[in-house]
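> Quick one: the structure is below, and I'll ask about it shortly.
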Amino acid sequence: MSHTWSRIWMHYTWSPKDRAPILSKTLLPLLLEHFKSKYPKGGEIYVDTVNGIADHIHLLVGLKPAISPSKAANLLKGVSSHWINSNDFLVQKFAWQEGFGVASVSHSKVKDIREYIFNQEEHHRTMTYEEEIQRFLNAFEIEILEKDDEE
């Protein structure tokens, strides 16, 4: 076969620096539209679905094989934080947290992940972001080492 074909789905989540709840009801829709317009279908990075609340966002992203999950996260975060700062949406300088969460998504589960992302406000009426992350870590059997434990 002379062509490369792929279907790579990733579910990302990350927060503003210090998990500050600064993604306002005014800024959040603008940010979501920015992601969708900047990374349309057919590109190396395709933002299919994005939503969030004041202290974090979730994205369902399609990737081409040449783009690593880490490179995609860094590009998405870097371009969006530059866009927020360039447009003076906030009084203070905006930055995302250093890390991010990412998990691969089976194509058969894409519809479920889209629904989960669209319903962020509903989920967070009964669950904190920390509880949500812990649930993901448990579901994917991921163990996080605290900085003190890495030394």
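Identifiers in this document derive from the order of the structure tokens: chains are assigned A, B, ..., residues are numbered from 1 separately in each chain, and ligands are numbered from 1 in order of occurrence.
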Write out as a list in words each polymer residue whose atoms come within 10 Å of Leu32 (chain A), counting only C-alpha atoms; drop sequence neighbours fewer than 5 positions from it.

Leu27, Ser37, Val47, Thr49, Val50, Asn51, Gly52, Ile57, Leu59 and Ser80 of chain A

> Determine which residues of region 16-107 of chain A receive a DSSP assignment of strand (DSSP E), computed from the backbone, and state them as a ChimeraX atom specification.

/A:45-53,56-63,101-105

> Which parts of chain A does DSSP call alpha helix (DSSP H) when run on the backbone here, written out as number ranges by chain?

A: 27-38, 69-86, 110-118, 120-123, 129-139, 147-150

> Give me the residues near Phe89 (chain A) as an MDAnalysis selection string, where near means some atom within 12 Å (using only C-alpha atoms) and where sequence neighbours in that chain fewer than 3 positions away do not count.

chainID A and resid 22:28 30:31 80:86 92:94

> Rounded to one decimal, what separation in Å do you get between CA of Ile67 (chain A) and CA of Glu130 (chain A)?

28.3 Å

> Please identify all polymer residues within 12 Å of Gln120 (chain A), counting only C-alpha atoms, omitting same-chain residues fewer than 4 positions from it, and present them as a list in words.

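Skipping anything fewer than 4 positions along the chain leaves Thr13, Thr49, Val50, Asn51, Gly52, Ile53, Ala54, Asp55, His56, Ile57, His58, Leu59, Ile113, Arg114, Glu115, Tyr116, His124, Arg125, Thr126, Met127, Thr128, Tyr129 and Glu132 of chain A.
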
> Measuring between only C-alpha atoms, which one of A:Gln134, A:Ser15, A:Thr4, A:Ser68 shows the shortest distance to Glu98 (chain A)?

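Closest candidate: A:Ser15.
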
> What does the distance between CA of Glu141 (chain A) and CA of Lys64 (chain A) come to in Å, to one decimal place?

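CA of Lys64 (chain A) lies 25.7 Å from CA of Glu141 (chain A).
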
> Looking at only C-alpha atoms, which of A:Asn119, A:Ala95, A:Glu131, A:Val110 is the one that sits closest to Asp18 (chain A)?

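Result for the nearest residue to Asp18 (chain A): A:Ala95.
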
> Pick out the closest residue to Lys36 (chain A) from this set: A:Gly78, A:Pro21, A:Gly101, A:Gly62. Count only C-alpha atoms.

A:Gly62

> Distance CA of Met10 (chain A)-CA of Ser106 (chain A), one decimal place?

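One can read the CA of Met10 (chain A) to CA of Ser106 (chain A) distance as 8.8 Å.
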
> Set the distance at 12 Å and use only C-alpha atoms: which residues neighbour Ser108 (chain A) once local chain neighbours fewer than 4 positions away are removed? I'd like the list as number ranges by chain.

A: 7-9, 104, 112-114

> When distances are computed from only C-alpha atoms, which of A:His11, A:His34, A:Arg19, A:His123 shows the smallest separation from Gln97 (chain A)?

A:Arg19

> Which residue, A:Pro69, A:Val61, A:Lys77, A:Pro29, has the smallest gap to His107 (chain A) when you use only C-alpha atoms?

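Among the listed residues, A:Val61 lies closest to His107 (chain A).
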
> A:Leu76, A:Ile133, A:Phe140, A:Glu121: which is nearest Ala103 (chain A), counting only C-alpha atoms?

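Among A:Leu76, A:Ile133, A:Phe140, A:Glu121, it is A:Phe140 that comes nearest to Ala103 (chain A).
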